[in-house]
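Source file: structure_5.pdb (PDB, C-alpha atoms, pLDDT in the B column)
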ATOM      1  CA  MET A 233       5.362  -7.475 -34.769  1.00 40.00           C
ATOM      2  CA  GLU A 234       3.372  -7.395 -31.518  1.00 41.00           C
ATOM      3  CA  LYS A 235       1.135  -4.388 -31.170  1.00 43.00           C
ATOM      4  CA  THR A 236       1.089  -2.549 -27.860  1.00 40.00           C
ATOM      5  CA  SER A 237      -1.944  -0.706 -26.493  1.00 50.00           C
ATOM      6  CA  GLU A 238       0.134   1.256 -23.971  1.00 84.00           C
ATOM      7  CA  LYS A 239      -0.672   4.942 -24.212  1.00 91.00           C
ATOM      8  CA  THR A 240       1.918   7.679 -24.055  1.00 95.00           C
ATOM      9  CA  ALA A 241       1.890  10.317 -21.328  1.00 96.00           C
ATOM     10  CA  SER A 242       0.645  12.924 -23.800  1.00 96.00           C
ATOM     11  CA  GLU A 243      -2.225  10.644 -24.843  1.00 96.00           C
ATOM     12  CA  ARG A 244      -3.160  10.021 -21.214  1.00 96.00           C
ATOM     13  CA  LEU A 245      -3.028  13.765 -20.600  1.00 98.00           C
ATOM     14  CA  HIS A 246      -5.472  14.320 -23.462  1.00 97.00           C
ATOM     15  CA  ASP A 247      -7.842  11.704 -22.014  1.00 97.00           C
ATOM     16  CA  VAL A 248      -7.651  13.167 -18.506  1.00 97.00           C
ATOM     17  CA  ARG A 249      -8.319  16.685 -19.752  1.00 97.00           C
ATOM     18  CA  ALA A 250     -11.364  15.495 -21.660  1.00 98.00           C
ATOM     19  CA  GLU A 251     -12.686  13.639 -18.636  1.00 97.00           C
ATOM     20  CA  LEU A 252     -12.126  16.601 -16.318  1.00 98.00           C
ATOM     21  CA  SER A 253     -14.030  18.863 -18.694  1.00 98.00           C
ATOM     22  CA  GLU A 254     -16.898  16.388 -18.845  1.00 98.00           C
ATOM     23  CA  LEU A 255     -16.945  16.005 -15.060  1.00 97.00           C
ATOM     24  CA  ALA A 256     -17.002  19.759 -14.567  1.00 98.00           C
ATOM     25  CA  LEU A 257     -19.868  20.271 -16.994  1.00 98.00           C
ATOM     26  CA  ARG A 258     -21.806  17.378 -15.476  1.00 97.00           C
ATOM     27  CA  ASN A 259     -21.535  19.139 -12.104  1.00 97.00           C
ATOM     28  CA  ASN A 260     -22.592  22.534 -13.501  1.00 97.00           C
ATOM     29  CA  ARG A 261     -19.071  23.882 -13.308  1.00 97.00           C
ATOM     30  CA  ALA A 262     -16.887  25.555 -15.910  1.00 97.00           C
ATOM     31  CA  PRO A 263     -14.017  23.276 -17.020  1.00 97.00           C
ATOM     32  CA  GLU A 264     -11.535  26.129 -16.563  1.00 97.00           C
ATOM     33  CA  ASP A 265     -12.445  26.293 -12.865  1.00 97.00           C
ATOM     34  CA  VAL A 266     -10.651  22.973 -12.263  1.00 98.00           C
ATOM     35  CA  THR A 267      -6.863  23.198 -12.483  1.00 98.00           C
ATOM     36  CA  LEU A 268      -5.070  20.002 -13.432  1.00 98.00           C
ATOM     37  CA  ILE A 269      -1.770  19.555 -11.585  1.00 98.00           C
ATOM     38  CA  ALA A 270       0.362  16.923 -13.347  1.00 98.00           C
ATOM     39  CA  VAL A 271       2.324  15.384 -10.475  1.00 98.00           C
ATOM     40  CA  SER A 272       5.757  14.694 -11.902  1.00 97.00           C
ATOM     41  CA  LYS A 273       7.504  13.480  -8.739  1.00 95.00           C
ATOM     42  CA  THR A 274      10.077  10.739  -9.406  1.00 94.00           C
ATOM     43  CA  HIS A 275       9.795  11.341 -13.160  1.00 95.00           C
ATOM     44  CA  SER A 276      12.822  12.658 -15.038  1.00 95.00           C
ATOM     45  CA  ALA A 277      12.976  15.891 -16.975  1.00 96.00           C
ATOM     46  CA  GLU A 278      13.032  13.786 -20.132  1.00 96.00           C
ATOM     47  CA  ALA A 279       9.732  12.159 -19.147  1.00 95.00           C
ATOM     48  CA  ILE A 280       8.163  15.548 -18.381  1.00 97.00           C
ATOM     49  CA  VAL A 281       9.046  17.198 -21.713  1.00 98.00           C
ATOM     50  CA  PRO A 282       6.407  15.326 -23.801  1.00 97.00           C
ATOM     51  CA  VAL A 283       3.726  16.452 -21.335  1.00 98.00           C
ATOM     52  CA  LEU A 284       4.981  20.037 -21.603  1.00 98.00           C
ATOM     53  CA  GLU A 285       4.992  19.713 -25.382  1.00 98.00           C
ATOM     54  CA  ALA A 286       1.361  18.553 -25.205  1.00 97.00           C
ATOM     55  CA  GLY A 287       0.496  21.882 -23.574  1.00 97.00           C
ATOM     56  CA  GLN A 288       0.376  21.062 -19.850  1.00 98.00           C
ATOM     57  CA  ARG A 289       1.714  23.965 -17.816  1.00 98.00           C
ATOM     58  CA  VAL A 290       0.933  23.142 -14.163  1.00 98.00           C
ATOM     59  CA  PHE A 291       3.033  20.486 -12.422  1.00 98.00           C
ATOM     60  CA  GLY A 292       3.428  19.148  -8.901  1.00 98.00           C
ATOM     61  CA  GLU A 293       6.491  17.939  -7.029  1.00 98.00           C
ATOM     62  CA  ASN A 294       6.825  16.320  -3.601  1.00 97.00           C
ATOM     63  CA  ARG A 295      10.365  17.284  -2.673  1.00 97.00           C
ATOM     64  CA  VAL A 296      12.247  20.571  -2.771  1.00 98.00           C
ATOM     65  CA  GLN A 297      15.553  18.984  -3.789  1.00 97.00           C
ATOM     66  CA  GLU A 298      14.060  17.002  -6.662  1.00 97.00           C
ATOM     67  CA  ALA A 299      12.303  20.091  -7.981  1.00 98.00           C
ATOM     68  CA  ALA A 300      15.534  22.108  -7.705  1.00 98.00           C
ATOM     69  CA  GLU A 301      17.316  19.545  -9.863  1.00 97.00           C
ATOM     70  CA  LYS A 302      14.700  19.379 -12.617  1.00 97.00           C
ATOM     71  CA  TRP A 303      12.696  22.551 -12.931  1.00 98.00           C
ATOM     72  CA  PRO A 304      15.044  25.535 -13.355  1.00 97.00           C
ATOM     73  CA  ALA A 305      16.176  24.266 -16.776  1.00 97.00           C
ATOM     74  CA  LEU A 306      12.675  23.174 -17.774  1.00 98.00           C
ATOM     75  CA  ARG A 307      11.257  26.559 -16.832  1.00 97.00           C
ATOM     76  CA  ARG A 308      13.852  28.347 -18.922  1.00 97.00           C
ATOM     77  CA  ALA A 309      12.542  26.373 -21.901  1.00 97.00           C
ATOM     78  CA  TYR A 310       8.860  26.657 -20.928  1.00 98.00           C
ATOM     79  CA  ALA A 311       8.645  30.007 -19.196  1.00 95.00           C
ATOM     80  CA  ASP A 312       4.890  29.981 -18.550  1.00 97.00           C
ATOM     81  CA  THR A 313       5.018  26.821 -16.428  1.00 98.00           C
ATOM     82  CA  GLN A 314       3.827  26.726 -12.817  1.00 98.00           C
ATOM     83  CA  VAL A 315       5.323  24.312 -10.289  1.00 98.00           C
ATOM     84  CA  HIS A 316       3.408  23.385  -7.130  1.00 98.00           C
ATOM     85  CA  LEU A 317       4.817  21.774  -3.996  1.00 98.00           C
ATOM     86  CA  VAL A 318       2.302  19.069  -3.081  1.00 98.00           C
ATOM     87  CA  GLY A 319       4.466  17.190  -0.567  1.00 97.00           C
ATOM     88  CA  ALA A 320       5.603  17.946   2.961  1.00 97.00           C
ATOM     89  CA  LEU A 321       7.871  20.944   3.535  1.00 98.00           C
ATOM     90  CA  GLN A 322      10.551  21.171   6.212  1.00 97.00           C
ATOM     91  CA  SER A 323      10.843  24.580   7.842  1.00 97.00           C
ATOM     92  CA  ASN A 324      14.557  24.789   7.015  1.00 98.00           C
ATOM     93  CA  LYS A 325      13.728  24.486   3.293  1.00 98.00           C
ATOM     94  CA  ALA A 326      11.232  27.361   3.343  1.00 98.00           C
ATOM     95  CA  ALA A 327      13.565  29.898   1.715  1.00 97.00           C
ATOM     96  CA  GLN A 328      14.421  27.557  -1.137  1.00 98.00           C
ATOM     97  CA  ALA A 329      10.761  26.567  -1.537  1.00 98.00           C
ATOM     98  CA  VAL A 330       9.392  30.097  -1.905  1.00 98.00           C
ATOM     99  CA  GLU A 331      11.839  30.744  -4.735  1.00 97.00           C
ATOM    100  CA  LEU A 332      11.174  27.437  -6.504  1.00 98.00           C
ATOM    101  CA  PHE A 333       7.407  27.057  -6.279  1.00 98.00           C
ATOM    102  CA  ASP A 334       4.454  29.111  -7.440  1.00 98.00           C
ATOM    103  CA  VAL A 335       2.094  27.389  -5.002  1.00 98.00           C
ATOM    104  CA  ILE A 336       2.723  25.492  -1.733  1.00 98.00           C
ATOM    105  CA  HIS A 337      -0.039  23.063  -0.743  1.00 98.00           C
ATOM    106  CA  SER A 338       1.355  21.759   2.546  1.00 98.00           C
ATOM    107  CA  LEU A 339       1.369  24.575   5.122  1.00 98.00           C
ATOM    108  CA  ASP A 340       0.439  22.670   8.289  1.00 98.00           C
ATOM    109  CA  ARG A 341       2.128  24.011  11.453  1.00 97.00           C
ATOM    110  CA  PRO A 342       3.028  27.275  13.176  1.00 97.00           C
ATOM    111  CA  LYS A 343       6.796  26.838  12.778  1.00 98.00           C
ATOM    112  CA  LEU A 344       6.405  26.459   9.029  1.00 98.00           C
ATOM    113  CA  ALA A 345       4.078  29.465   8.850  1.00 98.00           C
ATOM    114  CA  ALA A 346       6.719  31.599  10.575  1.00 98.00           C
ATOM    115  CA  ALA A 347       9.482  30.262   8.326  1.00 98.00           C
ATOM    116  CA  LEU A 348       7.468  30.949   5.165  1.00 98.00           C
ATOM    117  CA  ALA A 349       6.623  34.474   6.321  1.00 98.00           C
ATOM    118  CA  ARG A 350      10.331  35.218   6.926  1.00 98.00           C
ATOM    119  CA  ALA A 351      11.379  33.655   3.633  1.00 98.00           C
ATOM    120  CA  MET A 352       8.763  35.564   1.657  1.00 98.00           C
ATOM    121  CA  SER A 353       9.819  38.822   3.291  1.00 98.00           C
ATOM    122  CA  ASP A 354      13.523  38.141   2.668  1.00 97.00           C
ATOM    123  CA  THR A 355      13.193  37.013  -0.949  1.00 97.00           C
ATOM    124  CA  GLY A 356      10.234  39.059  -2.178  1.00 97.00           C
ATOM    125  CA  CYS A 357       8.689  35.846  -3.511  1.00 97.00           C
ATOM    126  CA  SER A 358       5.011  35.271  -2.806  1.00 96.00           C
ATOM    127  CA  PRO A 359       3.844  31.757  -3.662  1.00 98.00           C
ATOM    128  CA  ARG A 360       0.173  31.031  -3.129  1.00 98.00           C
ATOM    129  CA  LEU A 361      -0.492  29.015   0.032  1.00 98.00           C
ATOM    130  CA  PHE A 362      -2.836  26.161   0.863  1.00 98.00           C
ATOM    131  CA  VAL A 363      -3.251  24.819   4.391  1.00 98.00           C
ATOM    132  CA  GLN A 364      -3.135  21.034   4.609  1.00 98.00           C
ATOM    133  CA  VAL A 365      -5.949  19.643   6.755  1.00 98.00           C
ATOM    134  CA  ASN A 366      -5.787  16.226   8.417  1.00 98.00           C
ATOM    135  CA  THR A 367      -9.442  15.448   7.682  1.00 97.00           C
ATOM    136  CA  GLY A 368      -9.158  11.967   9.182  1.00 96.00           C
ATOM    137  CA  ASP A 369      -7.364  13.237  12.313  1.00 93.00           C
ATOM    138  CA  GLU A 370      -4.757  10.523  11.759  1.00 94.00           C
ATOM    139  CA  PRO A 371      -1.993  10.822  14.386  1.00 92.00           C
ATOM    140  CA  GLN A 372       0.739   9.719  11.984  1.00 91.00           C
ATOM    141  CA  LYS A 373      -0.215  12.079   9.165  1.00 93.00           C
ATOM    142  CA  ALA A 374       0.740  15.690   8.517  1.00 94.00           C
ATOM    143  CA  GLY A 375      -1.949  18.328   8.416  1.00 97.00           C
ATOM    144  CA  VAL A 376      -3.797  20.615  10.798  1.00 98.00           C
ATOM    145  CA  PRO A 377      -6.437  18.793  12.889  1.00 97.00           C
ATOM    146  CA  VAL A 378      -9.988  19.658  11.909  1.00 97.00           C
ATOM    147  CA  ALA A 379     -10.732  21.187  15.332  1.00 97.00           C
ATOM    148  CA  ASP A 380      -7.721  23.527  15.011  1.00 98.00           C
ATOM    149  CA  ILE A 381      -8.120  24.728  11.442  1.00 98.00           C
ATOM    150  CA  ALA A 382      -9.985  27.982  12.132  1.00 98.00           C
ATOM    151  CA  GLY A 383      -7.441  29.104  14.734  1.00 98.00           C
ATOM    152  CA  PHE A 384      -4.510  28.089  12.559  1.00 98.00           C
ATOM    153  CA  VAL A 385      -5.728  30.019   9.522  1.00 98.00           C
ATOM    154  CA  ARG A 386      -6.456  33.044  11.732  1.00 98.00           C
ATOM    155  CA  ASP A 387      -2.913  32.929  13.162  1.00 98.00           C
ATOM    156  CA  CYS A 388      -1.402  32.605   9.676  1.00 98.00           C
ATOM    157  CA  ARG A 389      -3.247  35.740   8.658  1.00 97.00           C
ATOM    158  CA  ASP A 390      -2.972  37.826  11.817  1.00 97.00           C
ATOM    159  CA  GLN A 391       0.372  36.813  13.324  1.00 97.00           C
ATOM    160  CA  HIS A 392       2.364  36.077  10.176  1.00 97.00           C
ATOM    161  CA  GLY A 393       0.637  38.223   7.551  1.00 97.00           C
ATOM    162  CA  LEU A 394       0.170  35.272   5.228  1.00 98.00           C
ATOM    163  CA  LYS A 395      -2.533  35.221   2.589  1.00 97.00           C
ATOM    164  CA  ILE A 396      -4.142  31.779   2.544  1.00 98.00           C
ATOM    165  CA  ASP A 397      -5.749  30.814  -0.749  1.00 98.00           C
ATOM    166  CA  GLY A 398      -7.283  27.473   0.104  1.00 98.00           C
ATOM    167  CA  LEU A 399      -7.203  24.094   1.818  1.00 98.00           C
ATOM    168  CA  MET A 400      -5.713  20.740   0.835  1.00 98.00           C
ATOM    169  CA  CYS A 401      -6.329  17.196   2.078  1.00 98.00           C
ATOM    170  CA  LEU A 402      -5.217  13.602   1.622  1.00 96.00           C
ATOM    171  CA  PRO A 403      -8.037  11.266   2.726  1.00 96.00           C
ATOM    172  CA  PRO A 404      -7.020   8.261   4.845  1.00 95.00           C
ATOM    173  CA  VAL A 405      -6.087   5.163   2.863  1.00 92.00           C
ATOM    174  CA  GLY A 406      -9.055   2.805   2.864  1.00 91.00           C
ATOM    175  CA  ASP A 407     -11.651   5.494   3.565  1.00 95.00           C
ATOM    176  CA  ALA A 408     -14.190   6.649   1.010  1.00 96.00           C
ATOM    177  CA  ALA A 409     -12.777   9.940  -0.209  1.00 97.00           C
ATOM    178  CA  GLY A 410     -16.094  11.739  -0.698  1.00 97.00           C
ATOM    179  CA  PRO A 411     -16.859  12.531   2.956  1.00 98.00           C
ATOM    180  CA  HIS A 412     -13.357  13.966   3.418  1.00 98.00           C
ATOM    181  CA  PHE A 413     -13.734  16.158   0.339  1.00 98.00           C
ATOM    182  CA  ALA A 414     -17.148  17.337   1.541  1.00 98.00           C
ATOM    183  CA  LEU A 415     -15.670  18.196   4.940  1.00 98.00           C
ATOM    184  CA  LEU A 416     -12.810  20.147   3.335  1.00 98.00           C
ATOM    185  CA  ALA A 417     -15.289  22.120   1.229  1.00 98.00           C
ATOM    186  CA  LYS A 418     -17.372  22.928   4.311  1.00 98.00           C
ATOM    187  CA  LEU A 419     -14.281  24.097   6.216  1.00 98.00           C
ATOM    188  CA  ALA A 420     -13.176  26.276   3.302  1.00 98.00           C
ATOM    189  CA  THR A 421     -16.574  27.938   3.111  1.00 98.00           C
ATOM    190  CA  SER A 422     -16.498  28.679   6.832  1.00 97.00           C
ATOM    191  CA  LEU A 423     -13.112  30.394   6.399  1.00 97.00           C
ATOM    192  CA  ASP A 424     -14.016  32.355   3.241  1.00 97.00           C
ATOM    193  CA  LEU A 425     -11.537  30.347   1.182  1.00 98.00           C
ATOM    194  CA  THR A 426     -12.342  29.576  -2.438  1.00 95.00           C
ATOM    195  CA  CYS A 427      -9.654  27.056  -3.437  1.00 98.00           C
ATOM    196  CA  LEU A 428      -9.738  23.324  -2.716  1.00 98.00           C
ATOM    197  CA  SER A 429      -6.751  21.096  -3.539  1.00 98.00           C
ATOM    198  CA  MET A 430      -8.211  17.605  -3.412  1.00 98.00           C
ATOM    199  CA  GLY A 431      -8.451  14.540  -5.589  1.00 97.00           C
ATOM    200  CA  MET A 432      -5.748  12.299  -7.001  1.00 96.00           C
ATOM    201  CA  SER A 433      -5.680   9.673  -9.741  1.00 93.00           C
ATOM    202  CA  ALA A 434      -8.007   7.245  -7.926  1.00 93.00           C
ATOM    203  CA  ASP A 435     -10.652   9.680  -6.713  1.00 96.00           C
ATOM    204  CA  TYR A 436     -10.652  12.874  -8.772  1.00 97.00           C
ATOM    205  CA  ALA A 437     -14.192  12.359 -10.069  1.00 97.00           C
ATOM    206  CA  ALA A 438     -15.551  12.609  -6.527  1.00 97.00           C
ATOM    207  CA  ALA A 439     -13.317  15.617  -5.868  1.00 98.00           C
ATOM    208  CA  VAL A 440     -14.614  17.549  -8.887  1.00 98.00           C
ATOM    209  CA  SER A 441     -18.206  16.778  -7.921  1.00 97.00           C
ATOM    210  CA  LEU A 442     -17.554  18.233  -4.459  1.00 98.00           C
ATOM    211  CA  GLY A 443     -15.893  21.448  -5.583  1.00 98.00           C
ATOM    212  CA  ALA A 444     -12.184  20.750  -6.165  1.00 98.00           C
ATOM    213  CA  THR A 445     -10.418  23.670  -7.828  1.00 98.00           C
ATOM    214  CA  HIS A 446      -7.098  21.783  -8.068  1.00 98.00           C
ATOM    215  CA  VAL A 447      -6.699  18.050  -8.682  1.00 98.00           C
ATOM    216  CA  ARG A 448      -3.308  16.388  -8.320  1.00 98.00           C
ATOM    217  CA  LEU A 449      -2.847  13.591 -10.868  1.00 97.00           C
ATOM    218  CA  GLY A 450       0.349  11.620 -11.361  1.00 96.00           C
ATOM    219  CA  THR A 451      -0.347   8.006 -12.347  1.00 95.00           C
ATOM    220  CA  ALA A 452      -3.314   8.985 -14.544  1.00 96.00           C
ATOM    221  CA  ILE A 453      -0.898  11.004 -16.704  1.00 97.00           C
ATOM    222  CA  PHE A 454       2.576   9.533 -16.324  1.00 95.00           C
ATOM    223  CA  GLY A 455       1.497   5.934 -15.736  1.00 89.00           C
ATOM    224  CA  PRO A 456       2.552   3.627 -12.902  1.00 80.00           C
ATOM    225  CA  ARG A 457       6.008   4.222 -11.480  1.00 67.00           C
ATOM    226  CA  GLY A 458       8.575   1.517 -11.993  1.00 49.00           C
TER     227      GLY A 458
END
Taking this structure as input, can you express it in the form of structure tokens?
Amino acid sequence: MEKTSEKTASERLHDVRAELSELALRNNRAPEDVTLIAVSKTHSAEAIVPVLEAGQRVFGENRVQEAAEKWPALRRAYADTQVHLVGALQSNKAAQAVELFDVIHSLDRPKLAAALARAMSDTGCSPRLFVQVNTGDEPQKAGVPVADIAGFVRDCRDQHGLKIDGLMCLPPVGDAAGPHFALLAKLATSLDLTCLSMGMSADYAAAVSLGATHVRLGTAIFGPRG
């Protein structure tokens, strides 16, 4: 019988956790200061259960509808689970999003800020909020331009009464991620924000070294899609 070296998702999770702890310690940080978000987008509830059984309790999804289909039942079985929205959010899905997610990482425009404020007031739900920053100022990409971030965060706080917990970024494809992570950390400091959502499966080591408090890992845990 041919032997396979393919690891299971729970084994990959164990490896990632160990590496994150080592990275944190190497950078004079406490391992518990780096939250691992297991990005389960496109993966079925059946594929997520072994990762839940291995003790992971923080997950990320890209789409409201996909999360609505998978997570209510999973959360009934694993009540202490957190689900984060790490993908783009349409303003007309704000009400559904604030009820589904514990944290929203993609606040990036005034219309969405207003919609989230209304939805939070109407539902009584208060997910934590991260502002997505377009650190590469890419015209085709979502996120607040770097030059506008201070004014945007101020308006979220003053006009909409939103509490902003941190910043998030997706570095441009092909760019070294480190300078973008360093910029995000500098912006957060200037705004008195302590949380940084940055780093994915290909670049989380650099993110941890530059202060990431939340890393978003999908492939490193669930393996390649398809």
Worksheet entry | Within 12 Å of file point (-20.9, 15.7, -13.8), counting only C-alpha atoms, expressed as a count of residues only | 21
Practice prompt. Rank A:Val271, A:Ala345, A:Ala420, A:Ala311 by their smallest atom-to-atom distance to A:Ala452, using all atoms listed in the file, and report the top residue only.
Written response: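 Among A:Val271, A:Ala345, A:Ala420, A:Ala311, it is A:Val271 that comes nearest to A:Ala452.
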Worksheet item: In Å, with one decimal, what is the gap from atom CA of A:Asn294 to atom CA of A:Val315?
Response: 10.5 Å
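Take atom CA of A:Pro282 and atom CA of A:Pro304: the distance between them is 17.0 Å.
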Quick one: everything within 9 Å of A:Leu399, counting all atoms listed in the file, minus sequence neighbours fewer than 5 positions away in the same chain. Send it as a JSON list (two decimals) with C-alpha atoms, keeping the file's coordinate frame.
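Generated file (out.json):
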[["chain", "number", "residue", "atom", "x", "y", "z"],
["A", 337, "HIS", "CA", -0.04, 23.06, -0.74],
["A", 338, "SER", "CA", 1.36, 21.76, 2.55],
["A", 361, "LEU", "CA", -0.49, 29.02, 0.03],
["A", 362, "PHE", "CA", -2.84, 26.16, 0.86],
["A", 363, "VAL", "CA", -3.25, 24.82, 4.39],
["A", 364, "GLN", "CA", -3.14, 21.03, 4.61],
["A", 365, "VAL", "CA", -5.95, 19.64, 6.76],
["A", 416, "LEU", "CA", -12.81, 20.15, 3.34],
["A", 417, "ALA", "CA", -15.29, 22.12, 1.23],
["A", 419, "LEU", "CA", -14.28, 24.10, 6.22],
["A", 420, "ALA", "CA", -13.18, 26.28, 3.30],
["A", 425, "LEU", "CA", -11.54, 30.35, 1.18],
["A", 426, "THR", "CA", -12.34, 29.58, -2.44],
["A", 427, "CYS", "CA", -9.65, 27.06, -3.44],
["A", 428, "LEU", "CA", -9.74, 23.32, -2.72],
["A", 429, "SER", "CA", -6.75, 21.10, -3.54],
["A", 430, "MET", "CA", -8.21, 17.60, -3.41]]
Worksheet item: What is the distance, in Å and to one decimal place, between atom CA of A:Lys343 and atom CA of A:Phe291?
Response: 26.3 Å
Cut-off 10 Å: closest stretch 262-364 of chain A/stretch 372-393 of chain A atom pairs per residue, using only C-alpha atoms, as a Markdown table:
| residue | atom | partner | partner_atom | distance |
| --- | --- | --- | --- | --- |
| A:Gly319 | CA | A:Ala374 | CA | 9.9 |
| A:Ala320 | CA | A:Ala374 | CA | 7.7 |
| A:Ser338 | CA | A:Gly375 | CA | 7.6 |
| A:Leu339 | CA | A:Gly375 | CA | 7.8 |
| A:Asp340 | CA | A:Gly375 | CA | 5.0 |
| A:Arg341 | CA | A:Val376 | CA | 6.9 |
| A:Pro342 | CA | A:Phe384 | CA | 7.6 |
| A:Leu344 | CA | A:Cys388 | CA | 10.0 |
| A:Ala345 | CA | A:Cys388 | CA | 6.4 |
| A:Ala346 | CA | A:His392 | CA | 6.3 |
| A:Ala347 | CA | A:His392 | CA | 9.4 |
| A:Leu348 | CA | A:His392 | CA | 8.8 |
| A:Ala349 | CA | A:His392 | CA | 6.0 |
| A:Arg350 | CA | A:His392 | CA | 8.6 |
| A:Phe362 | CA | A:Val385 | CA | 9.9 |
| A:Val363 | CA | A:Val376 | CA | 7.7 |
| A:Gln364 | CA | A:Gly375 | CA | 4.8 |
Fill in: Residue members of the PyMOL selection byres ((chain A and resi 329) around 12) in the file shown, as a PyMOL selection string
chain A and resi 293-300+315-328+330-339+344+347-349+351-352+355+357-361
Practice prompt. Using only C-alpha atoms, pick whichever of A:His275, A:His412, A:Arg307, A:Lys418 has the shortest atom-to-atom distance to A:Thr451.
Written response: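 Under the stated criterion, the closest residue is A:His275.
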